[in-house]
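Source file: coords_29.cif (mmCIF, C-alpha atoms and all ligand atoms)
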```
data_data
#
loop_
_atom_site.group_PDB
_atom_site.id
_atom_site.type_symbol
_atom_site.label_atom_id
_atom_site.label_comp_id
_atom_site.auth_asym_id
_atom_site.auth_seq_id
_atom_site.Cartn_x
_atom_site.Cartn_y
_atom_site.Cartn_z
ATOM 1 C CA MET A 1 3.607 4.694 18.725
ATOM 2 C CA VAL A 2 3.252 0.987 18.017
ATOM 3 C CA LYS A 3 -0.276 -0.092 17.193
ATOM 4 C CA ASN A 4 -2.441 -2.294 19.397
ATOM 5 C CA SER A 5 -5.263 -3.384 17.110
ATOM 6 C CA LEU A 6 -6.447 -3.508 13.511
ATOM 7 C CA THR A 7 -8.555 -0.421 14.074
ATOM 8 C CA ASP A 8 -5.703 1.666 15.440
ATOM 9 C CA VAL A 9 -4.881 4.364 12.931
ATOM 10 C CA TYR A 10 -2.011 6.311 11.514
ATOM 11 C CA LYS A 11 -2.695 10.034 11.279
ATOM 12 C CA LEU A 12 -2.027 11.436 7.799
ATOM 13 C CA ASN A 13 -0.510 14.830 7.019
ATOM 14 C CA ASP A 14 -3.903 16.007 5.711
ATOM 15 C CA GLY A 15 -5.635 15.292 9.030
ATOM 16 C CA ASN A 16 -7.324 12.055 7.922
ATOM 17 C CA SER A 17 -6.815 8.709 9.673
ATOM 18 C CA ILE A 18 -6.004 5.341 8.137
ATOM 19 C CA PRO A 19 -6.373 1.913 9.813
ATOM 20 C CA CYS A 20 -2.896 0.533 10.481
ATOM 21 C CA VAL A 21 -3.141 -2.732 8.486
ATOM 22 C CA GLY A 22 -4.909 -3.196 5.154
ATOM 23 C CA LEU A 23 -5.840 -6.231 3.091
ATOM 24 C CA GLY A 24 -3.756 -6.334 -0.093
ATOM 25 C CA THR A 25 -5.518 -7.586 -3.219
ATOM 26 C CA TRP A 26 -2.850 -7.668 -5.931
ATOM 27 C CA GLN A 27 -3.276 -10.927 -7.847
ATOM 28 C CA THR A 28 -6.589 -11.714 -6.165
ATOM 29 C CA PRO A 29 -8.852 -12.673 -9.068
ATOM 30 C CA ASP A 30 -11.999 -10.592 -9.510
ATOM 31 C CA GLY A 31 -15.371 -12.175 -8.761
ATOM 32 C CA GLU A 32 -15.985 -14.573 -5.882
ATOM 33 C CA ALA A 33 -12.339 -14.769 -4.758
ATOM 34 C CA THR A 34 -12.141 -11.022 -4.197
ATOM 35 C CA VAL A 35 -15.635 -10.737 -2.729
ATOM 36 C CA GLN A 36 -14.874 -13.515 -0.254
ATOM 37 C CA ALA A 37 -11.423 -12.208 0.713
ATOM 38 C CA VAL A 38 -12.863 -8.758 1.419
ATOM 39 C CA LYS A 39 -15.727 -10.209 3.455
ATOM 40 C CA ASP A 40 -13.337 -12.478 5.371
ATOM 41 C CA ALA A 41 -11.037 -9.566 6.114
ATOM 42 C CA LEU A 42 -13.855 -7.311 7.277
ATOM 43 C CA ALA A 43 -15.265 -10.135 9.422
ATOM 44 C CA ALA A 44 -11.787 -10.576 10.942
ATOM 45 C CA GLY A 45 -11.724 -6.915 11.942
ATOM 46 C CA TYR A 46 -9.792 -5.331 9.070
ATOM 47 C CA ARG A 47 -11.200 -1.921 8.157
ATOM 48 C CA HIS A 48 -8.896 -1.122 5.256
ATOM 49 C CA ILE A 49 -8.807 -2.640 1.766
ATOM 50 C CA ASP A 50 -6.194 -1.822 -0.861
ATOM 51 C CA THR A 51 -6.916 -2.321 -4.556
ATOM 52 C CA ALA A 52 -5.959 -0.734 -7.877
ATOM 53 C CA SER A 53 -7.490 -0.268 -11.268
ATOM 54 C CA ALA A 54 -4.697 -2.500 -12.628
ATOM 55 C CA TYR A 55 -5.648 -5.346 -10.274
ATOM 56 C CA TYR A 56 -8.922 -5.685 -12.202
ATOM 57 C CA ASN A 57 -10.835 -6.502 -9.029
ATOM 58 C CA GLU A 58 -12.389 -3.197 -8.003
ATOM 59 C CA GLU A 59 -15.865 -4.583 -8.702
ATOM 60 C CA GLY A 60 -15.257 -7.516 -6.368
ATOM 61 C CA VAL A 61 -13.896 -5.200 -3.691
ATOM 62 C CA GLY A 62 -17.020 -3.044 -3.910
ATOM 63 C CA ARG A 63 -19.292 -6.077 -3.750
ATOM 64 C CA GLY A 64 -17.397 -7.506 -0.783
ATOM 65 C CA LEU A 65 -17.808 -4.232 1.042
ATOM 66 C CA ARG A 66 -21.547 -4.078 0.358
ATOM 67 C CA GLU A 67 -22.104 -7.746 1.260
ATOM 68 C CA SER A 68 -20.145 -7.348 4.510
ATOM 69 C CA GLY A 69 -23.015 -5.358 5.993
ATOM 70 C CA LEU A 70 -20.639 -2.625 7.121
ATOM 71 C CA LYS A 71 -21.364 0.964 6.228
ATOM 72 C CA ARG A 72 -19.253 2.615 3.558
ATOM 73 C CA GLU A 73 -17.764 5.039 6.059
ATOM 74 C CA GLU A 74 -16.598 2.203 8.316
ATOM 75 C CA VAL A 75 -14.122 0.913 5.728
ATOM 76 C CA PHE A 76 -11.083 2.694 4.341
ATOM 77 C CA LEU A 77 -10.769 2.067 0.586
ATOM 78 C CA THR A 78 -7.652 2.706 -1.470
ATOM 79 C CA THR A 79 -7.359 2.422 -5.224
ATOM 80 C CA LYS A 80 -4.725 3.499 -7.727
ATOM 81 C CA LEU A 81 -4.479 5.233 -11.067
ATOM 82 C CA TRP A 82 -2.927 3.014 -13.723
ATOM 83 C CA ASN A 83 -0.035 4.148 -15.892
ATOM 84 C CA THR A 84 -2.043 4.459 -19.101
ATOM 85 C CA ASP A 85 -4.243 7.052 -17.341
ATOM 86 C CA ARG A 86 -1.449 9.436 -16.391
ATOM 87 C CA GLY A 87 -1.948 13.122 -17.199
ATOM 88 C CA TYR A 88 -4.467 15.714 -16.035
ATOM 89 C CA GLU A 89 -7.569 14.927 -18.086
ATOM 90 C CA SER A 90 -7.023 11.174 -18.173
ATOM 91 C CA ALA A 91 -6.678 11.014 -14.400
ATOM 92 C CA LEU A 92 -9.929 12.921 -13.922
ATOM 93 C CA GLU A 93 -11.648 10.422 -16.197
ATOM 94 C CA ALA A 94 -10.008 7.336 -14.698
ATOM 95 C CA VAL A 95 -11.208 8.050 -11.181
ATOM 96 C CA GLN A 96 -14.802 8.037 -12.429
ATOM 97 C CA LEU A 97 -14.406 4.496 -13.690
ATOM 98 C CA SER A 98 -12.865 3.357 -10.390
ATOM 99 C CA LEU A 99 -15.733 4.959 -8.446
ATOM 100 C CA LYS A 100 -18.218 3.209 -10.717
ATOM 101 C CA LYS A 101 -16.551 -0.189 -10.437
ATOM 102 C CA LEU A 102 -16.210 0.092 -6.674
ATOM 103 C CA GLY A 103 -19.800 1.354 -6.480
ATOM 104 C CA VAL A 104 -18.901 4.134 -4.046
ATOM 105 C CA GLU A 105 -19.342 7.895 -3.876
ATOM 106 C CA TYR A 106 -15.793 8.614 -2.755
ATOM 107 C CA ILE A 107 -12.404 6.944 -2.402
ATOM 108 C CA ASP A 108 -10.514 7.288 0.868
ATOM 109 C CA LEU A 109 -7.072 7.209 -0.699
ATOM 110 C CA TYR A 110 -6.146 7.520 -4.367
ATOM 111 C CA LEU A 111 -2.566 6.760 -5.387
ATOM 112 C CA ILE A 112 -0.553 7.267 -8.572
ATOM 113 C CA HIS A 113 0.466 3.638 -9.126
ATOM 114 C CA TRP A 114 3.925 4.263 -10.676
ATOM 115 C CA PRO A 115 5.849 7.435 -11.515
ATOM 116 C CA ALA A 116 6.360 8.186 -15.204
ATOM 117 C CA ASN A 117 9.986 7.796 -16.257
ATOM 118 C CA GLU A 118 12.121 8.703 -19.260
ATOM 119 C CA HIS A 119 11.863 5.227 -20.795
ATOM 120 C CA VAL A 120 8.268 5.982 -21.687
ATOM 121 C CA TYR A 121 7.956 9.797 -21.819
ATOM 122 C CA ASP A 122 10.057 12.626 -23.250
ATOM 123 C CA ASP A 123 9.155 14.754 -20.232
ATOM 124 C CA PRO A 124 8.235 12.434 -17.362
ATOM 125 C CA VAL A 125 8.388 15.230 -14.781
ATOM 126 C CA ALA A 126 5.674 17.175 -16.616
ATOM 127 C CA VAL A 127 3.547 14.018 -16.725
ATOM 128 C CA ASN A 128 3.942 13.349 -13.010
ATOM 129 C CA VAL A 129 3.161 16.957 -12.157
ATOM 130 C CA ALA A 130 0.080 17.049 -14.420
ATOM 131 C CA THR A 131 -1.213 13.827 -12.879
ATOM 132 C CA TRP A 132 -0.639 15.154 -9.391
ATOM 133 C CA ARG A 133 -2.478 18.400 -10.194
ATOM 134 C CA ALA A 134 -5.500 16.289 -11.147
ATOM 135 C CA PHE A 135 -5.171 14.494 -7.804
ATOM 136 C CA GLU A 136 -5.142 17.835 -5.989
ATOM 137 C CA LYS A 137 -8.352 18.776 -7.793
ATOM 138 C CA LEU A 138 -9.973 15.431 -6.925
ATOM 139 C CA GLN A 139 -9.192 15.982 -3.270
ATOM 140 C CA LYS A 140 -10.512 19.543 -3.339
ATOM 141 C CA ASP A 141 -13.690 18.351 -5.083
ATOM 142 C CA GLY A 142 -14.188 15.682 -2.407
ATOM 143 C CA LEU A 143 -14.168 12.654 -4.714
ATOM 144 C CA VAL A 144 -11.106 11.377 -2.901
ATOM 145 C CA ARG A 145 -10.325 12.122 0.724
ATOM 146 C CA SER A 146 -6.548 11.653 0.634
ATOM 147 C CA ILE A 147 -4.039 11.547 -2.195
ATOM 148 C CA GLY A 148 -0.709 9.844 -2.466
ATOM 149 C CA THR A 149 1.795 7.992 -4.564
ATOM 150 C CA SER A 150 3.061 4.485 -5.021
ATOM 151 C CA ASN A 151 6.542 3.402 -6.040
ATOM 152 C CA PHE A 152 7.791 6.989 -5.840
ATOM 153 C CA LEU A 153 11.345 7.337 -4.547
ATOM 154 C CA GLU A 154 13.093 10.527 -3.453
ATOM 155 C CA PRO A 155 13.629 12.048 -6.933
ATOM 156 C CA HIS A 156 10.004 11.440 -7.928
ATOM 157 C CA LEU A 157 8.654 12.898 -4.696
ATOM 158 C CA LYS A 158 10.836 15.978 -5.127
ATOM 159 C CA GLN A 159 9.229 16.563 -8.539
ATOM 160 C CA ILE A 160 5.902 16.869 -6.743
ATOM 161 C CA PHE A 161 7.250 18.992 -3.883
ATOM 162 C CA ASP A 162 8.836 21.427 -6.348
ATOM 163 C CA ALA A 163 5.770 22.009 -8.485
ATOM 164 C CA CYS A 164 2.632 21.283 -6.503
ATOM 165 C CA GLU A 165 0.523 22.623 -3.681
ATOM 166 C CA ILE A 166 -0.309 19.508 -1.682
ATOM 167 C CA LYS A 167 2.198 16.925 -0.475
ATOM 168 C CA PRO A 168 1.364 13.229 -0.876
ATOM 169 C CA ALA A 169 -0.142 11.866 2.340
ATOM 170 C CA VAL A 170 1.058 8.323 1.624
ATOM 171 C CA ASN A 171 3.706 6.582 -0.441
ATOM 172 C CA GLN A 172 3.243 2.849 -1.016
ATOM 173 C CA ILE A 173 6.420 0.943 -1.877
ATOM 174 C CA GLU A 174 7.778 -2.594 -1.768
ATOM 175 C CA ILE A 175 8.973 -3.305 1.754
ATOM 176 C CA HIS A 176 9.664 -6.560 3.555
ATOM 177 C CA PRO A 177 12.531 -8.184 5.419
ATOM 178 C CA GLY A 178 15.311 -8.459 2.858
ATOM 179 C CA TYR A 179 14.141 -5.283 1.094
ATOM 180 C CA PRO A 180 13.555 -2.604 3.722
ATOM 181 C CA GLN A 181 14.191 0.466 1.506
ATOM 182 C CA PHE A 182 15.291 2.463 4.543
ATOM 183 C CA ASP A 183 16.474 5.444 2.446
ATOM 184 C CA ALA A 184 13.040 5.909 0.922
ATOM 185 C CA VAL A 185 11.327 5.263 4.262
ATOM 186 C CA ASN A 186 13.470 7.857 6.032
ATOM 187 C CA PHE A 187 12.915 10.418 3.293
ATOM 188 C CA CYS A 188 9.148 9.925 3.577
ATOM 189 C CA LYS A 189 9.238 10.148 7.372
ATOM 190 C CA GLN A 190 11.246 13.385 7.212
ATOM 191 C CA ASN A 191 8.523 14.774 4.953
ATOM 192 C CA ASP A 192 5.604 13.517 7.041
ATOM 193 C CA ILE A 193 4.492 11.017 4.387
ATOM 194 C CA LEU A 194 3.161 7.702 5.684
ATOM 195 C CA VAL A 195 4.857 4.682 4.125
ATOM 196 C CA GLU A 196 2.751 1.686 3.171
ATOM 197 C CA ALA A 197 4.355 -1.676 2.395
ATOM 198 C CA TRP A 198 3.267 -3.583 -0.671
ATOM 199 C CA SER A 199 4.377 -7.205 -0.672
ATOM 200 C CA PRO A 200 4.974 -7.022 3.087
ATOM 201 C CA LEU A 201 5.573 -10.789 2.966
ATOM 202 C CA GLY A 202 7.794 -10.489 -0.096
ATOM 203 C CA CYS A 203 4.879 -11.865 -2.114
ATOM 204 C CA GLY A 204 5.365 -15.063 -0.115
ATOM 205 C CA ARG A 205 9.053 -15.318 -1.088
ATOM 206 C CA VAL A 206 10.426 -14.547 2.380
ATOM 207 C CA LEU A 207 8.123 -16.884 4.279
ATOM 208 C CA THR A 208 10.406 -19.918 4.013
ATOM 209 C CA ASP A 209 13.529 -18.065 5.134
ATOM 210 C CA GLU A 210 15.196 -19.997 7.967
ATOM 211 C CA ARG A 211 16.674 -16.919 9.647
ATOM 212 C CA LEU A 212 13.227 -15.358 9.910
ATOM 213 C CA GLN A 213 11.723 -18.656 11.021
ATOM 214 C CA LYS A 214 14.222 -18.861 13.892
ATOM 215 C CA ILE A 215 13.284 -15.390 15.114
ATOM 216 C CA ALA A 216 9.556 -16.054 14.660
ATOM 217 C CA ASN A 217 9.914 -19.213 16.800
ATOM 218 C CA LEU A 218 11.221 -17.114 19.701
ATOM 219 C CA TYR A 219 7.832 -15.395 19.846
ATOM 220 C CA GLY A 220 5.681 -18.405 18.991
ATOM 221 C CA LYS A 221 4.614 -16.591 15.805
ATOM 222 C CA SER A 222 4.673 -17.362 12.084
ATOM 223 C CA VAL A 223 7.119 -15.688 9.708
ATOM 224 C CA ALA A 224 4.178 -13.834 8.148
ATOM 225 C CA GLN A 225 3.219 -12.420 11.548
ATOM 226 C CA LEU A 226 6.856 -11.520 12.250
ATOM 227 C CA CYS A 227 7.097 -9.583 8.962
ATOM 228 C CA ILE A 228 3.873 -7.667 9.599
ATOM 229 C CA ARG A 229 4.887 -6.832 13.165
ATOM 230 C CA TRP A 230 8.363 -5.731 11.998
ATOM 231 C CA GLU A 231 6.741 -3.308 9.555
ATOM 232 C CA LEU A 232 4.388 -1.920 12.218
ATOM 233 C CA GLN A 233 7.264 -1.431 14.657
ATOM 234 C CA HIS A 234 8.966 0.628 11.941
ATOM 235 C CA GLY A 235 5.894 2.866 11.683
ATOM 236 C CA ILE A 236 5.034 1.390 8.283
ATOM 237 C CA LEU A 237 1.548 0.298 7.211
ATOM 238 C CA PRO A 238 1.555 -3.311 5.904
ATOM 239 C CA LEU A 239 -0.881 -4.537 3.237
ATOM 240 C CA PRO A 240 -0.659 -8.357 3.385
ATOM 241 C CA LYS A 241 -2.538 -10.167 0.635
ATOM 242 C CA SER A 242 -4.248 -13.510 1.035
ATOM 243 C CA THR A 243 -7.264 -15.263 -0.389
ATOM 244 C CA HIS A 244 -7.425 -17.732 2.516
ATOM 245 C CA ALA A 245 -9.665 -16.838 5.455
ATOM 246 C CA ASP A 246 -7.362 -18.506 8.004
ATOM 247 C CA ARG A 247 -4.309 -16.603 6.732
ATOM 248 C CA ILE A 248 -6.245 -13.340 6.552
ATOM 249 C CA ARG A 249 -7.146 -13.882 10.207
ATOM 250 C CA THR A 250 -3.723 -14.945 11.461
ATOM 251 C CA ASN A 251 -1.955 -12.190 9.518
ATOM 252 C CA ALA A 252 -3.887 -9.768 11.717
ATOM 253 C CA ASP A 253 -2.925 -11.521 14.953
ATOM 254 C CA VAL A 254 0.147 -9.371 15.485
ATOM 255 C CA PHE A 255 -0.756 -7.230 18.467
ATOM 256 C CA ASP A 256 0.179 -9.553 21.332
ATOM 257 C CA PHE A 257 3.952 -9.554 20.979
ATOM 258 C CA VAL A 258 6.805 -7.075 20.624
ATOM 259 C CA ILE A 259 9.936 -7.788 18.605
ATOM 260 C CA SER A 260 12.965 -6.884 20.705
ATOM 261 C CA ASP A 261 15.370 -4.185 19.548
ATOM 262 C CA ALA A 262 18.040 -6.824 18.933
ATOM 263 C CA ASP A 263 15.725 -8.925 16.770
ATOM 264 C CA MET A 264 14.489 -5.830 14.881
ATOM 265 C CA LYS A 265 18.135 -5.030 14.133
ATOM 266 C CA ALA A 266 18.845 -8.601 13.038
ATOM 267 C CA ILE A 267 15.907 -8.432 10.597
ATOM 268 C CA ASP A 268 16.889 -4.930 9.421
ATOM 269 C CA GLU A 269 20.376 -6.106 8.595
ATOM 270 C CA LEU A 270 19.510 -9.195 6.567
ATOM 271 C CA PRO A 271 21.183 -8.992 3.160
ATOM 272 C CA GLU A 272 18.899 -8.325 0.213
ATOM 273 C CA PHE A 273 16.568 -11.158 -0.727
ATOM 274 C CA GLY A 274 13.033 -11.558 -1.964
ATOM 275 C CA TYR A 275 13.127 -8.340 -4.033
ATOM 276 C CA SER A 276 10.563 -8.259 -6.851
ATOM 277 C CA THR A 277 13.034 -6.422 -9.172
ATOM 278 C CA PHE A 278 10.306 -3.898 -10.061
ATOM 279 C CA SER A 279 12.148 -0.579 -10.052
ATOM 280 C CA PRO A 280 10.469 2.763 -10.848
ATOM 281 C CA PHE A 281 13.706 3.837 -12.539
ATOM 282 C CA THR A 282 13.854 1.012 -15.068
ATOM 283 C CA LEU A 283 10.267 -0.074 -15.698
ATOM 284 C CA LYS A 284 9.090 0.478 -19.214
ATOM 285 C CA PHE A 285 5.415 1.092 -18.545
HETATM 286 P P1 LIG B 301 -2.575 -16.778 -0.600
HETATM 287 O O1 LIG B 301 -3.278 -15.603 -1.206
HETATM 288 O O2 LIG B 301 -2.781 -18.043 -1.381
HETATM 289 O O3 LIG B 301 -2.821 -16.929 0.870
HETATM 290 P P2 LIG B 301 2.369 -10.295 -0.047
HETATM 291 O O4 LIG B 301 1.298 -9.799 0.840
HETATM 292 O O5 LIG B 301 3.740 -10.004 0.426
HETATM 293 O O6 LIG B 301 2.179 -9.883 -1.480
HETATM 294 O O7 LIG B 301 2.276 -11.894 -0.034
HETATM 295 C C1 LIG B 301 1.163 -12.542 -0.570
HETATM 296 C C2 LIG B 301 1.512 -13.982 -0.834
HETATM 297 O O8 LIG B 301 1.756 -14.653 0.401
HETATM 298 C C3 LIG B 301 0.383 -14.706 -1.500
HETATM 299 O O9 LIG B 301 0.941 -15.677 -2.348
HETATM 300 C C4 LIG B 301 -0.355 -15.350 -0.319
HETATM 301 O O10 LIG B 301 -0.981 -16.530 -0.757
HETATM 302 C C5 LIG B 301 0.780 -15.673 0.623
HETATM 303 N N1 LIG B 301 0.405 -15.592 2.036
HETATM 304 C C6 LIG B 301 -0.259 -14.596 2.640
HETATM 305 N N2 LIG B 301 -0.360 -14.833 3.971
HETATM 306 C C7 LIG B 301 0.234 -16.009 4.197
HETATM 307 C C8 LIG B 301 0.445 -16.782 5.353
HETATM 308 N N3 LIG B 301 0.022 -16.381 6.547
HETATM 309 N N4 LIG B 301 1.125 -17.958 5.222
HETATM 310 C C9 LIG B 301 1.568 -18.355 4.008
HETATM 311 N N5 LIG B 301 1.397 -17.674 2.884
HETATM 312 C C10 LIG B 301 0.735 -16.495 2.956
#
```
Please express the file's structure as structure tokens.
Amino acid sequence: MVKNSLTDVYKLNDGNSIPCVGLGTWQTPDGEATVQAVKDALAAGYRHIDTASAYYNEEGVGRGLRESGLKREEVFLTTKLWNTDRGYESALEAVQLSLKKLGVEYIDLYLIHWPANEHVYDDPVAVNVATWRAFEKLQKDGLVRSIGTSNFLEPHLKQIFDACEIKPAVNQIEIHPGYPQFDAVNFCKQNDILVEAWSPLGCGRVLTDERLQKIANLYGKSVAQLCIRWELQHGILPLPKSTHADRIRTNADVFDFVISDADMKAIDELPEFGYSTFSPFTLKF
């Protein structure tokens, strides 16, 4: 069902709930910029913040949360395990540092940031499985409420399905008009894994596209709002990033219009553009 407000939730396969839009923080500098963006987002009604150990702003995210005046349990916090911390023992250690930097007792959602691949490891499958087993333990121990993956495509997810007990609840991948990754999205949906969109605005690259602008004009909305709405109407959870209070606010003003089926199709069928070129199959880290 399409969402009606920032506090509407998607239900995860582990029974937990996740607010349907989150503030992205990739490339938001730590310190005041992050603290302010988090406070602005929470003041605008967001209840979901997405960070990662590799964004180097977990401390700012934690401070923003505390300074917002909201209670810990009112805000859904995601962070991610960086690639250098893959493996069973390293993952168990890495989460402690994230908890410390965030200044929280638990993380709502912990994601493996990128799958290991054969460019870096002799046996990447064993590495992914060992990391995931640590995630299963973290969930059982209650340090993290939900566990998931990021940048995993079908072959990587199958590695987990084949060897592990718990399925990922979430998979966060690059998705925006011009790079919809429908194959991966459909595979996740078939397996009851919620898809989150990183770079839901194509990291800003799709915002000047004239075809999108024309469609956005039909609804009296910005291209950013059109992208976010398009993702929601696909049952995807967008994580738009901004450090500007006005953009943070307007990016959340997406619940008063519905993109028609014809316009959804027109956006779906745009030829590829705006792709970051970050592929889990070719990355060498
Ligand atoms: P800024 O942080 O200066 O606002 P994505 O979420 O796809 O990664 O895109 C983030 C990029 O898009 C950032 O450069 C961000 O810049 C910019 N951005 C976010 N929201 C808007 C908006 N409503 N209008 C224009 N640019 C935006």
*Quick one: distance from CA of Thr79 (chain A) to CA of Pro155 (chain A) in Å, one decimal?*
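Separation between CA of Thr79 (chain A) and CA of Pro155 (chain A): 23.2 Å.
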*Quick one: residues within 8 Å of ligand LIG 301 (chain B), with all atoms listed in the file, as a PyMOL selection string?*
chain A and resi 24+26+28+176+198-205+207+222-225+239-244+246-248+250-251
Given the file shown, determine the residues that the PyMOL selection byres (((chain A and resi 59-61) around 6) and not hetatm) selects; report them as an mmCIF file with C-alpha atoms, keeping the file's coordinate frame.
```cif
data_model
loop_
_atom_site.group_PDB
_atom_site.id
_atom_site.type_symbol
_atom_site.label_atom_id
_atom_site.label_comp_id
_atom_site.auth_asym_id
_atom_site.auth_seq_id
_atom_site.Cartn_x
_atom_site.Cartn_y
_atom_site.Cartn_z
ATOM 1 C CA ASP A 30 -11.999 -10.592 -9.510
ATOM 2 C CA GLY A 31 -15.371 -12.175 -8.761
ATOM 3 C CA THR A 34 -12.141 -11.022 -4.197
ATOM 4 C CA VAL A 35 -15.635 -10.737 -2.729
ATOM 5 C CA ASN A 57 -10.835 -6.502 -9.029
ATOM 6 C CA GLU A 58 -12.389 -3.197 -8.003
ATOM 7 C CA GLY A 62 -17.020 -3.044 -3.910
ATOM 8 C CA ARG A 63 -19.292 -6.077 -3.750
ATOM 9 C CA GLY A 64 -17.397 -7.506 -0.783
ATOM 10 C CA LYS A 101 -16.551 -0.189 -10.437
ATOM 11 C CA LEU A 102 -16.210 0.092 -6.674
#
```
*Identify all residues satisfying the PyMOL selection byres (((chain A and resi 188) around 10) and not hetatm) in the given file; provide them as a list in words.*
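For this structure, the PyMOL selection byres (((chain A and resi 188) around 10) and not hetatm) resolves to Phe152, Leu153, Glu154, Leu157, Pro168, Ala169, Val170, Asn171, Phe182, Asp183, Ala184, Val185, Asn186, Phe187, Lys189, Gln190, Asn191, Asp192, Ile193, Leu194 and Val195 of chain A.
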*Determine the nearest neighbour of Val127 (chain A) from the options A:Leu111, A:Ala91, A:Ala245, A:Ile175, counting all atoms listed in the file.*
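Closest residue, counting all atoms listed in the file: A:Ala91.
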*Å distance separating CA of Asp209 (chain A) from CA of Phe273 (chain A), one decimal place*: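 We find that CA of Asp209 (chain A) and CA of Phe273 (chain A) lie 9.6 Å from each other.
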_Report, in Å to a single decimal, how far apart CA of Val95 (chain A) and CA of Ile166 (chain A) are._
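That distance, rounded to one decimal, is 18.4 Å.
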*Please evaluate the PyMOL selection byres (((chain A and resi 49) around 8) and not hetatm) against the structure above and give the resulting residues as a count of residues only.*
15
_Nearest candidate to Arg249 (chain A) (options A:Val21, A:Val2, A:Ala44, A:Val120; using only C-alpha atoms)_ = A:Ala44
*Identify, on the basis of all atoms listed in the file, every residue whose closest approach to Trp230 (chain A) does not exceed 10 Å; exclude the query and any residue fewer than 5 positions from it along the same chain; express the result as a list in words.*
His176, Pro177, Pro200, Ala224, Gln225, Gly235, Ile236, Pro238, Val254, Val258, Ile259, Ser260, Asp263, Met264, Ile267 and Asp268 of chain A
_Nearest candidate to Glu74 (chain A) (options A:Asn4, A:Asn217, A:Thr282, A:Ser17; using only C-alpha atoms)_ = A:Ser17
*Glu73 (chain A) surroundings by all atoms listed in the file, 12 Å radius, close-in-sequence under 6 positions cut, as a PyMOL selection string*: chain A and resi 18+47-48+65-66+104-108+145
_From A:Tyr179, A:Asp141, A:His234, A:Ile147, residue lying nearest Pro271 (chain A) [only C-alpha atoms]_ =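 Among the listed residues, A:Tyr179 lies closest to Pro271 (chain A).
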Using the atoms already present, construct all heavy atoms for region 12-16 of chain A and hand them back as a PDB file, keeping the file's coordinate frame.
```pdb
ATOM      1  N   LEU A  12      -2.664  10.967   9.033  1.00  0.00           N
ATOM      2  CA  LEU A  12      -2.027  11.436   7.799  1.00  0.00           C
ATOM      3  C   LEU A  12      -1.763  12.939   7.865  1.00  0.00           C
ATOM      4  O   LEU A  12      -2.387  13.647   8.666  1.00  0.00           O
ATOM      5  CB  LEU A  12      -2.923  11.114   6.596  1.00  0.00           C
ATOM      6  CG  LEU A  12      -3.211   9.620   6.384  1.00  0.00           C
ATOM      7  CD1 LEU A  12      -4.161   9.416   5.202  1.00  0.00           C
ATOM      8  CD2 LEU A  12      -1.920   8.842   6.169  1.00  0.00           C
ATOM      9  N   ASN A  13      -0.878  13.406   6.984  1.00  0.00           N
ATOM     10  CA  ASN A  13      -0.510  14.830   7.019  1.00  0.00           C
ATOM     11  C   ASN A  13      -1.644  15.760   6.589  1.00  0.00           C
ATOM     12  O   ASN A  13      -1.536  16.973   6.700  1.00  0.00           O
ATOM     13  CB  ASN A  13       0.767  15.096   6.200  1.00  0.00           C
ATOM     14  CG  ASN A  13       0.585  14.809   4.718  1.00  0.00           C
ATOM     15  OD1 ASN A  13      -0.537  14.721   4.224  1.00  0.00           O
ATOM     16  ND2 ASN A  13       1.689  14.648   4.001  1.00  0.00           N
ATOM     17  N   ASP A  14      -2.751  15.174   6.071  1.00  0.00           N
ATOM     18  CA  ASP A  14      -3.903  16.007   5.711  1.00  0.00           C
ATOM     19  C   ASP A  14      -4.991  15.976   6.787  1.00  0.00           C
ATOM     20  O   ASP A  14      -6.094  16.479   6.591  1.00  0.00           O
ATOM     21  CB  ASP A  14      -4.489  15.546   4.362  1.00  0.00           C
ATOM     22  CG  ASP A  14      -4.933  14.085   4.378  1.00  0.00           C
ATOM     23  OD1 ASP A  14      -4.997  13.478   5.478  1.00  0.00           O
ATOM     24  OD2 ASP A  14      -5.226  13.538   3.309  1.00  0.00           O
ATOM     25  N   GLY A  15      -4.679  15.329   7.918  1.00  0.00           N
ATOM     26  CA  GLY A  15      -5.635  15.292   9.030  1.00  0.00           C
ATOM     27  C   GLY A  15      -6.502  14.043   9.046  1.00  0.00           C
ATOM     28  O   GLY A  15      -7.148  13.754  10.053  1.00  0.00           O
ATOM     29  N   ASN A  16      -6.526  13.283   7.932  1.00  0.00           N
ATOM     30  CA  ASN A  16      -7.324  12.055   7.922  1.00  0.00           C
ATOM     31  C   ASN A  16      -6.607  10.927   8.658  1.00  0.00           C
ATOM     32  O   ASN A  16      -5.407  10.992   8.897  1.00  0.00           O
ATOM     33  CB  ASN A  16      -7.619  11.637   6.475  1.00  0.00           C
ATOM     34  CG  ASN A  16      -8.545  12.623   5.784  1.00  0.00           C
ATOM     35  OD1 ASN A  16      -9.385  13.238   6.433  1.00  0.00           O
ATOM     36  ND2 ASN A  16      -8.387  12.795   4.482  1.00  0.00           N
TER      37      ASN A  16
END
```
